[in-house]
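Colleague: Supplied in structure tokens, the structure appears directly below.
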Amino acid sequence: LLAAKKGRRGEHYILGGECVTSREMLERVARAAGGRPPRFTVPDAVMLGIGRAMDAVAELSGRPPLISTEMAIQATFRVCGSSAKAERELGYQMRPLDDSLRESVDWYSAQGLL
């Protein structure tokens, strides 16, 4: 809504927050959900192989993969964007990640999805 109201035509804004690794995100999701964090880290090449294998199995079975190649690629990203421009030009204020995760866990729980 801020971009629609205050943004300049043709501009792009990153509405980011904290920069965390995939592993740290999983640890924080586990903490928010009251679960255990991952015990080990899967190397990127192995993760990509798992995604490709699960896509192949999904193709044969007709069922969606638990981890797709696209999900595996996203898990290996090491990119962090700055929301400084959105903060400066739009008045954007990020929320603490842990607050957002707790709210998400509560919502998924209420929907019976956790």
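By order in the structure tokens, chains are A, B, ...; within a chain, residues start at 1; ligands start at 1, following the order shown.
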Could I get the residues of region 27-57 of chain A with an atom no further than 7 Å from an atom of region 88-105 of chain A, each paired with its nearest atom pair and that distance in Å to one decimal, using only C-alpha atoms, sorted by chain and residue number, as a tab-separated table?

Modeller:
```
residue	atom	partner	partner_atom	distance
A:Val29	CA	A:Leu101	CA	6.3
A:Ala32	CA	A:Arg102	CA	5.3
A:Ala33	CA	A:Val105	CA	6.0
```

Colleague: Show which residues sit within 9 Å of Gly49 (chain A), as a PDB file with C-alpha atoms, in the first residue's frame. Count only C-alpha atoms, and ignore same-chain residues fewer than 5 positions away.

Modeller:
```pdb
ATOM      1  CA  ASP A  44      24.067 -27.024  -1.685  1.00  0.00           C
ATOM      2  CA  MET A  54      11.943 -35.392  -5.917  1.00  0.00           C
ATOM      3  CA  THR A  69      14.172 -28.141  -7.588  1.00  0.00           C
ATOM      4  CA  ALA A  72      16.159 -26.377  -3.361  1.00  0.00           C
TER       5      ALA A  72
END
```

Colleague: Tell me, as a PyMOL selection string, which residues lie within 10 Å of Leu15 (chain A), counting only C-alpha atoms; anything in the same chain fewer than 2 positions away does not count.

Modeller: chain A and resi 3+12-13+17+81-87+92-94

Colleague: DSSP on the backbone: which residues in chain A end up as alpha helix (DSSP H)? Give the answer as a ChimeraX atom specification.

Modeller: /A:2-6,22-33,44-61,69-76,84-90,97-110

Colleague: Name all residues at most 7 Å from Ser68 (chain A) (count only C-alpha atoms; drop same-chain ones fewer than 3 positions away) and give them as a list in words.

Modeller: Gly51, Arg52, Met54, Asp55, Pro65, Met71 and Ala72 of chain A

Colleague: Could you check which of A:Leu113, A:Leu60, A:Leu1, A:Ala75 is closest to Glu24 (chain A), using only C-alpha atoms?

Modeller: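 Of A:Leu113, A:Leu60, A:Leu1, A:Ala75, the one nearest Glu24 (chain A) is A:Ala75, counting only C-alpha atoms.
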
Colleague: Do you know which residues are at most 10 Å from Thr21 (chain A) counting only C-alpha atoms, after dropping those on the same chain fewer than 4 positions away, and could you put them as a list in words?

Modeller: Met25, Leu26, Glu27, Ala75, Thr76, Phe77, Arg78, Val79 and Cys80 of chain A

Colleague: Those selected residues, please, written with N, CA, C and O atoms and delivered as a tab-separated table (two decimals), in the first residue's frame.

Modeller:
```tsv
chain	number	residue	atom	x	y	z
A	25	MET	N	16.90	-19.29	9.30
A	25	MET	CA	15.44	-19.18	9.15
A	25	MET	C	14.77	-20.45	9.69
A	25	MET	O	13.80	-20.37	10.44
A	26	LEU	N	15.29	-21.62	9.32
A	26	LEU	CA	14.71	-22.87	9.80
A	26	LEU	C	14.82	-22.99	11.32
A	26	LEU	O	13.90	-23.47	11.98
A	27	GLU	N	15.95	-22.55	11.88
A	27	GLU	CA	16.11	-22.58	13.33
A	27	GLU	C	15.08	-21.68	14.01
A	27	GLU	O	14.47	-22.06	15.01
A	75	ALA	N	16.71	-22.44	-1.36
A	75	ALA	CA	17.36	-22.75	-0.09
A	75	ALA	C	18.87	-22.50	-0.15
A	75	ALA	O	19.51	-22.35	0.89
A	76	THR	N	19.43	-22.44	-1.36
A	76	THR	CA	20.87	-22.24	-1.49
A	76	THR	C	21.24	-20.78	-1.74
A	76	THR	O	22.41	-20.44	-1.77
A	77	PHE	N	20.25	-19.91	-1.92
A	77	PHE	CA	20.53	-18.50	-2.18
A	77	PHE	C	21.28	-17.86	-1.03
A	77	PHE	O	21.00	-18.11	0.13
A	78	ARG	N	22.18	-16.99	-1.36
A	78	ARG	CA	22.91	-16.21	-0.36
A	78	ARG	C	22.76	-14.73	-0.71
A	78	ARG	O	23.72	-14.01	-0.93
A	79	VAL	N	21.52	-14.29	-0.82
A	79	VAL	CA	21.22	-12.93	-1.27
A	79	VAL	C	20.47	-12.20	-0.16
A	79	VAL	O	19.62	-12.77	0.51
A	80	CYS	N	20.80	-10.94	0.01
A	80	CYS	CA	20.09	-10.13	0.99
A	80	CYS	C	19.89	-8.74	0.39
A	80	CYS	O	20.85	-8.12	-0.07
```
